[in-house]
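What follows is one structure encoded as structure tokens, with my remarks underneath.
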Amino acid sequence: MNRRDLLKSTALALGAGVTLHLPAGWTPARAADKKWRIGFSQATTLEPWRVQFNKDIKAEAEKHPEVELLIADAEDKTEKQVADVENFIRQEVNALLISPKESAGLTGVVDKAIDAKIPVFVLDRNVDTQRYTQFIGGDNVVIGKAVGDFVVKALGGPGKAAGNVVEIWGGLGTQPAHDRSDGFHAVADKETGLKFLLDKQSADWKQNLAYDIMTTALRNFEKIDLVYGHNDPMAYGAYLAAKDAGREKEIKFVGVDGLPNEGVVWVNKGELAATFLYPTPGAEGLRQAVKLLKGETVEKAIVLPTMTITKENAPEILKQNGLM
């Protein structure tokens, strides 16, 4: 099940009065002299967005003296993440937060956690089961459509857009990459004047790999009008490759994430034309876990909002974050 179907089915279920999935026999009760132990399985810390993700969840945990937060870094390896979650299950944590590296690869261990009477909060990337307590993340299809609208406008407007576009994918095995591409093409494919130069070239969310893909594209194509990277580091890697080739001024670069100290800075400098906010779900995930452990009701899904960031609003965002 992809994220769009997941969100739709969740909405239908909630509309029909179906509640979230809690482990059989689970109770929020806690001894007065003990802290709640919440395990957080992070897919990787190799990406700046995930570094910020960890900072956000740690900062929120500091606001809750009743919580002991345990963090495991899967180091970008699905098998390690499975082992990390199994370790949390053996430790009998009170709640589990997981941001999967891959959807299918983590589905089985999420089922194991639920069977072990541990509530599971899935963050950012979904798993291929409805047997979790809550999903929290952005809607990447919506983000992709927003990118498509921006690209069409930047290249001439609806019905008139024209140009050669390079799309640099995130991980091919991750739902966000597919959603960001599907949303983008739902808008951009209506424009007959747009030509897409590459076929699912993945840089696995990494700046250096995007640099290599763009270097090859620059050699193969004399005219490139716009690059859409599925995250800001990949868009910026493509920008650096174009700059090294002396072609950066003839190409627009667009990314996703909108971290103030990264994508927003690059937009403000004119290196990226735009970025689209993909907020980290760390703080909200911790808050929702605490809410449940206190015996309160939580929703089956929380969709975090996005926004378009251009040179017009980037300075204000930088000021708000003490970066300008």
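In the structure tokens, the first chain shown is A, the next is B, and so on; residue numbers restart at 1 for each chain, and ligands run from 1 in the order shown.
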- Contacts of region 140-156 of chain A at 7 Å or less, counting only C-alpha atoms, minus same-chain residues fewer than 5 places along, as a PyMOL selection string? chain A and resi 161-163+176+179-188+276+306
What does the file look like for those residues with C-alpha atoms, as an mmCIF file, in the first residue's frame?
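And here's out.cif as it stands now:
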data_model
loop_
_atom_site.group_PDB
_atom_site.id
_atom_site.type_symbol
_atom_site.label_atom_id
_atom_site.label_comp_id
_atom_site.auth_asym_id
_atom_site.auth_seq_id
_atom_site.Cartn_x
_atom_site.Cartn_y
_atom_site.Cartn_z
ATOM 1 C CA ALA A 161 5.529 25.492 -20.368
ATOM 2 C CA ALA A 162 8.513 24.282 -22.352
ATOM 3 C CA GLY A 163 11.980 23.007 -21.516
ATOM 4 C CA PRO A 176 8.562 9.200 -0.558
ATOM 5 C CA ASP A 179 5.179 9.876 -4.189
ATOM 6 C CA ARG A 180 7.265 12.976 -4.946
ATOM 7 C CA SER A 181 7.671 11.799 -8.535
ATOM 8 C CA ASP A 182 4.030 10.758 -8.992
ATOM 9 C CA GLY A 183 2.717 14.070 -7.663
ATOM 10 C CA PHE A 184 5.151 16.005 -9.827
ATOM 11 C CA HIS A 185 4.246 14.134 -13.009
ATOM 12 C CA ALA A 186 0.504 14.398 -12.302
ATOM 13 C CA VAL A 187 0.967 18.107 -13.026
ATOM 14 C CA ALA A 188 4.008 18.311 -15.296
ATOM 15 C CA PHE A 276 9.335 22.751 -0.437
ATOM 16 C CA THR A 306 4.123 21.884 3.531
#
- Contacts of Trp169 (chain A) within 6 Å, only C-alpha atoms, excl. fewer than 2 positions in-chain, as a VMD selection string: chain A and resid 201 to 202 230
Output file for the residues above (C-alpha atoms, as a PDB file, in the first residue's frame):
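Printed below is again_13.pdb as written:
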ATOM      1  CA  GLN A 201      18.136   8.035 -11.980  1.00  0.00           C
ATOM      2  CA  SER A 202      18.530   7.556  -8.214  1.00  0.00           C
ATOM      3  CA  HIS A 230      13.721  14.821  -4.547  1.00  0.00           C
TER       4      HIS A 230
END
- Item | region 88-262 of chain A: residues DSSP assigns to strand (DSSP E), reported as an MDAnalysis selection string | chainID A and resid 95:99 120:123 134:138 162:169 193:196 201:202 226:229 252:257
- Message: With only C-alpha atoms as the counted atoms, please give the residues lying no more than 12 Å from Gln207 (chain A), apart from itself and same-chain residues fewer than 4 positions off, as an MDAnalysis selection string.
- Response: chainID A and resid 46:48 168:170 202:203 211:214 229:241 255
Spatial neighbours of Gly285 (chain A), 10 Å, only C-alpha atoms, chain gap at least 5 places, as a CSV table (one decimal) with N, CA, C and O atoms, in the first residue's frame:
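out_37.csv, freshly written:
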chain,number,residue,atom,x,y,z
A,40,PHE,N,13.3,4.7,19.8
A,40,PHE,CA,13.2,5.4,18.4
A,40,PHE,C,14.2,4.8,17.5
A,40,PHE,O,15.4,4.9,17.7
A,56,ASP,N,15.2,17.3,16.8
A,56,ASP,CA,13.8,17.7,17.1
A,56,ASP,C,13.2,16.7,18.2
A,56,ASP,O,12.6,17.1,19.1
A,57,ILE,N,13.5,15.4,18.0
A,57,ILE,CA,12.9,14.5,18.9
A,57,ILE,C,13.6,14.5,20.3
A,57,ILE,O,13.0,14.4,21.3
A,60,GLU,N,12.3,17.6,22.1
A,60,GLU,CA,11.0,17.3,22.7
A,60,GLU,C,11.0,16.4,23.9
A,60,GLU,O,10.3,16.6,24.9
A,96,LEU,N,7.1,2.4,20.7
A,96,LEU,CA,8.2,2.4,19.7
A,96,LEU,C,7.9,3.4,18.6
A,96,LEU,O,6.8,3.4,18.1
A,97,LEU,N,8.9,4.2,18.3
A,97,LEU,CA,8.8,5.1,17.2
A,97,LEU,C,9.8,4.6,16.1
A,97,LEU,O,10.9,4.3,16.4
A,98,ILE,N,9.3,4.5,14.9
A,98,ILE,CA,10.2,4.0,13.8
A,98,ILE,C,10.0,4.8,12.6
A,98,ILE,O,8.9,5.1,12.1
A,121,PHE,N,4.5,3.8,16.5
A,121,PHE,CA,4.3,5.1,15.8
A,121,PHE,C,5.2,5.1,14.6
A,121,PHE,O,6.4,5.1,14.7
A,122,VAL,N,4.7,5.1,13.4
A,122,VAL,CA,5.4,5.1,12.1
A,122,VAL,C,5.6,6.5,11.7
A,122,VAL,O,4.6,7.2,11.4
A,123,LEU,N,6.9,6.9,11.5
A,123,LEU,CA,7.2,8.3,11.1
A,123,LEU,C,7.8,8.4,9.7
A,123,LEU,O,8.7,7.6,9.4
A,124,ASP,N,7.3,9.3,9.0
A,124,ASP,CA,7.9,9.7,7.6
A,124,ASP,C,7.5,8.7,6.6
A,124,ASP,O,6.8,9.0,5.6
A,134,GLN,N,-0.1,4.7,14.9
A,134,GLN,CA,-0.3,6.0,14.3
A,134,GLN,C,0.8,6.2,13.2
A,134,GLN,O,1.9,5.8,13.4
A,135,PHE,N,0.4,6.9,12.2
A,135,PHE,CA,1.4,7.3,11.2
A,135,PHE,C,1.5,8.9,11.2
A,135,PHE,O,0.5,9.5,11.3
A,136,ILE,N,2.7,9.4,11.2
A,136,ILE,CA,2.9,10.9,11.2
A,136,ILE,C,3.9,11.2,10.1
A,136,ILE,O,5.0,10.6,10.0
A,137,GLY,N,3.5,12.1,9.2
A,137,GLY,CA,4.5,12.5,8.2
A,137,GLY,C,3.8,13.5,7.2
A,137,GLY,O,2.6,13.7,7.3
A,280,THR,N,10.1,17.6,9.8
A,280,THR,CA,10.4,16.3,10.4
A,280,THR,C,9.3,16.0,11.4
A,280,THR,O,8.8,16.9,12.1
A,290,VAL,N,3.7,10.1,24.1
A,290,VAL,CA,3.4,10.5,25.5
A,290,VAL,C,1.9,10.6,25.7
A,290,VAL,O,1.4,10.2,26.8
A,291,LYS,N,1.2,11.2,24.8
A,291,LYS,CA,-0.2,11.4,24.9
A,291,LYS,C,-0.9,10.0,25.1
A,291,LYS,O,-1.8,9.9,26.0
A,302,ILE,N,-1.5,11.6,11.2
A,302,ILE,CA,-1.4,13.1,11.3
A,302,ILE,C,-0.5,13.4,10.1
A,302,ILE,O,0.6,13.0,9.9
Counting only C-alpha atoms, which residues of region 112-181 of chain A sit at most 7 Å from some atom of region 75-95 of chain A, and what is each one's closest atom pair with its distance in Å to one decimal, listed by chain and rising residue number, as a Markdown table?
| residue | atom | partner | partner_atom | distance |
| --- | --- | --- | --- | --- |
| A:Ala113 | CA | A:Ile89 | CA | 6.1 |
| A:Ile118 | CA | A:Ala95 | CA | 5.5 |
| A:Pro119 | CA | A:Ala95 | CA | 5.1 |
| A:Val120 | CA | A:Ala95 | CA | 6.3 |
- Query: In Å, with one decimal, what is the gap from CA of Gly322 (chain A) to CA of Ile309 (chain A)?
  - Reply: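 Separation of CA of Gly322 (chain A) and CA of Ile309 (chain A): 17.0 Å.
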- Query: Val298 (chain A): which residues within 9 Å, counting only C-alpha atoms, same-chain residues fewer than 5 positions away excluded, as a ChimeraX atom specification?
  - Reply: /A:20,133-134,288-289,291-292
Next, dump the selected residues to file, keeping only all heavy atoms, as a tab-separated table (two decimals), in the first residue's frame.
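Saved to out29.tsv:
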chain	number	residue	atom	x	y	z
A	20	LEU	N	-7.84	3.51	16.12
A	20	LEU	CA	-6.48	3.14	15.80
A	20	LEU	C	-6.15	1.76	16.33
A	20	LEU	O	-6.84	1.22	17.20
A	20	LEU	CB	-5.52	4.16	16.41
A	20	LEU	CG	-5.34	4.12	17.94
A	20	LEU	CD1	-4.11	4.92	18.30
A	20	LEU	CD2	-6.55	4.70	18.66
A	133	THR	N	0.03	1.89	15.35
A	133	THR	CA	-0.84	2.74	16.17
A	133	THR	C	-1.13	4.06	15.49
A	133	THR	O	-2.26	4.53	15.47
A	133	THR	CB	-0.17	2.97	17.54
A	133	THR	OG1	0.10	1.70	18.14
A	133	THR	CG2	-1.07	3.80	18.45
A	134	GLN	N	-0.10	4.68	14.92
A	134	GLN	CA	-0.28	5.98	14.29
A	134	GLN	C	0.80	6.21	13.25
A	134	GLN	O	1.94	5.79	13.43
A	134	GLN	CB	-0.22	7.09	15.35
A	134	GLN	CG	-0.52	8.49	14.83
A	134	GLN	CD	-0.41	9.54	15.92
A	134	GLN	OE1	0.67	9.77	16.45
A	134	GLN	NE2	-1.53	10.18	16.26
A	288	GLN	N	2.94	12.57	20.60
A	288	GLN	CA	1.82	11.65	20.43
A	288	GLN	C	2.02	10.36	21.26
A	288	GLN	O	1.06	9.83	21.83
A	288	GLN	CB	1.63	11.30	18.96
A	288	GLN	CG	1.15	12.46	18.10
A	288	GLN	CD	-0.25	12.92	18.46
A	288	GLN	OE1	-1.15	12.10	18.68
A	288	GLN	NE2	-0.45	14.22	18.52
A	289	ALA	N	3.25	9.88	21.33
A	289	ALA	CA	3.52	8.70	22.15
A	289	ALA	C	3.23	8.98	23.62
A	289	ALA	O	2.62	8.15	24.32
A	289	ALA	CB	4.97	8.26	21.95
A	291	LYS	N	1.22	11.23	24.80
A	291	LYS	CA	-0.23	11.40	24.91
A	291	LYS	C	-0.91	10.04	25.08
A	291	LYS	O	-1.77	9.86	25.95
A	291	LYS	CB	-0.75	12.11	23.66
A	291	LYS	CG	-2.23	12.42	23.66
A	291	LYS	CD	-2.61	13.18	22.39
A	291	LYS	CE	-4.11	13.47	22.35
A	291	LYS	NZ	-4.49	14.19	21.09
A	292	LEU	N	-0.51	9.07	24.26
A	292	LEU	CA	-1.10	7.73	24.34
A	292	LEU	C	-0.77	7.07	25.68
A	292	LEU	O	-1.63	6.44	26.31
A	292	LEU	CB	-0.60	6.87	23.18
A	292	LEU	CG	-1.20	5.45	23.13
A	292	LEU	CD1	-2.65	5.51	22.68
A	292	LEU	CD2	-0.40	4.54	22.21
- Item | Atomic distance CA of Ala177 (chain A) - CA of Gly258 (chain A), expressed in Å with one decimal |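 We find that CA of Ala177 (chain A) and CA of Gly258 (chain A) lie 16.1 Å from each other.
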- Message: For a quick check of understanding, using only C-alpha atoms, which of A:Ala43, A:Ala274, A:Ala210, A:Leu69 has the smallest distance to Gly105 (chain A)?
- Response: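 Going through A:Ala43, A:Ala274, A:Ala210, A:Leu69 one by one, the smallest distance to Gly105 (chain A) is for A:Ala43.
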Need the shell around region 312-314 of chain A: protein/DNA/RNA residues with any atom at most 10 Å away, counting only C-alpha atoms. Skip same-chain ones fewer than 6 positions apart. Format as a PDB file with N, CA, C and O atoms, in the first residue's frame?
ATOM      1  N   GLY A 258      13.446  21.925   2.897  1.00  0.00           N
ATOM      2  CA  GLY A 258      13.254  23.243   3.472  1.00  0.00           C
ATOM      3  C   GLY A 258      13.847  23.420   4.849  1.00  0.00           C
ATOM      4  O   GLY A 258      13.308  24.179   5.662  1.00  0.00           O
ATOM      5  N   PRO A 260      16.014  25.192   7.463  1.00  0.00           N
ATOM      6  CA  PRO A 260      16.475  26.585   7.464  1.00  0.00           C
ATOM      7  C   PRO A 260      17.964  26.744   7.191  1.00  0.00           C
ATOM      8  O   PRO A 260      18.364  27.650   6.455  1.00  0.00           O
ATOM      9  N   GLY A 263      18.449  24.078   2.780  1.00  0.00           N
ATOM     10  CA  GLY A 263      17.716  24.468   1.591  1.00  0.00           C
ATOM     11  C   GLY A 263      17.303  25.923   1.561  1.00  0.00           C
ATOM     12  O   GLY A 263      17.376  26.582   0.521  1.00  0.00           O
ATOM     13  N   VAL A 264      16.862  26.447   2.715  1.00  0.00           N
ATOM     14  CA  VAL A 264      16.419  27.849   2.749  1.00  0.00           C
ATOM     15  C   VAL A 264      17.606  28.785   2.497  1.00  0.00           C
ATOM     16  O   VAL A 264      17.471  29.797   1.797  1.00  0.00           O
ATOM     17  N   VAL A 265      18.767  28.454   3.039  1.00  0.00           N
ATOM     18  CA  VAL A 265      19.978  29.247   2.787  1.00  0.00           C
ATOM     19  C   VAL A 265      20.318  29.226   1.300  1.00  0.00           C
ATOM     20  O   VAL A 265      20.636  30.262   0.705  1.00  0.00           O
ATOM     21  N   TRP A 266      20.237  28.047   0.685  1.00  0.00           N
ATOM     22  CA  TRP A 266      20.572  27.936  -0.738  1.00  0.00           C
ATOM     23  C   TRP A 266      19.588  28.721  -1.607  1.00  0.00           C
ATOM     24  O   TRP A 266      19.970  29.321  -2.608  1.00  0.00           O
ATOM     25  N   VAL A 267      18.313  28.715  -1.218  1.00  0.00           N
ATOM     26  CA  VAL A 267      17.321  29.509  -1.944  1.00  0.00           C
ATOM     27  C   VAL A 267      17.639  30.998  -1.794  1.00  0.00           C
ATOM     28  O   VAL A 267      17.605  31.764  -2.761  1.00  0.00           O
ATOM     29  N   ASN A 268      17.949  31.412  -0.579  1.00  0.00           N
ATOM     30  CA  ASN A 268      18.236  32.827  -0.325  1.00  0.00           C
ATOM     31  C   ASN A 268      19.455  33.309  -1.116  1.00  0.00           C
ATOM     32  O   ASN A 268      19.520  34.471  -1.514  1.00  0.00           O
ATOM     33  N   LYS A 269      20.413  32.416  -1.338  1.00  0.00           N
ATOM     34  CA  LYS A 269      21.603  32.760  -2.116  1.00  0.00           C
ATOM     35  C   LYS A 269      21.354  32.713  -3.620  1.00  0.00           C
ATOM     36  O   LYS A 269      22.223  33.099  -4.407  1.00  0.00           O
ATOM     37  N   ALA A 274      13.779  27.175  -5.611  1.00  0.00           N
ATOM     38  CA  ALA A 274      12.749  26.954  -4.601  1.00  0.00           C
ATOM     39  C   ALA A 274      13.036  25.660  -3.861  1.00  0.00           C
ATOM     40  O   ALA A 274      13.709  24.757  -4.371  1.00  0.00           O
ATOM     41  N   THR A 275      12.509  25.575  -2.631  1.00  0.00           N
ATOM     42  CA  THR A 275      12.464  24.329  -1.896  1.00  0.00           C
ATOM     43  C   THR A 275      11.075  24.220  -1.285  1.00  0.00           C
ATOM     44  O   THR A 275      10.373  25.227  -1.111  1.00  0.00           O
ATOM     45  N   GLN A 320      13.593  34.126  11.438  1.00  0.00           N
ATOM     46  CA  GLN A 320      12.867  33.416  12.488  1.00  0.00           C
ATOM     47  C   GLN A 320      13.729  32.355  13.163  1.00  0.00           C
ATOM     48  O   GLN A 320      13.504  32.016  14.325  1.00  0.00           O
TER      49      GLN A 320
END
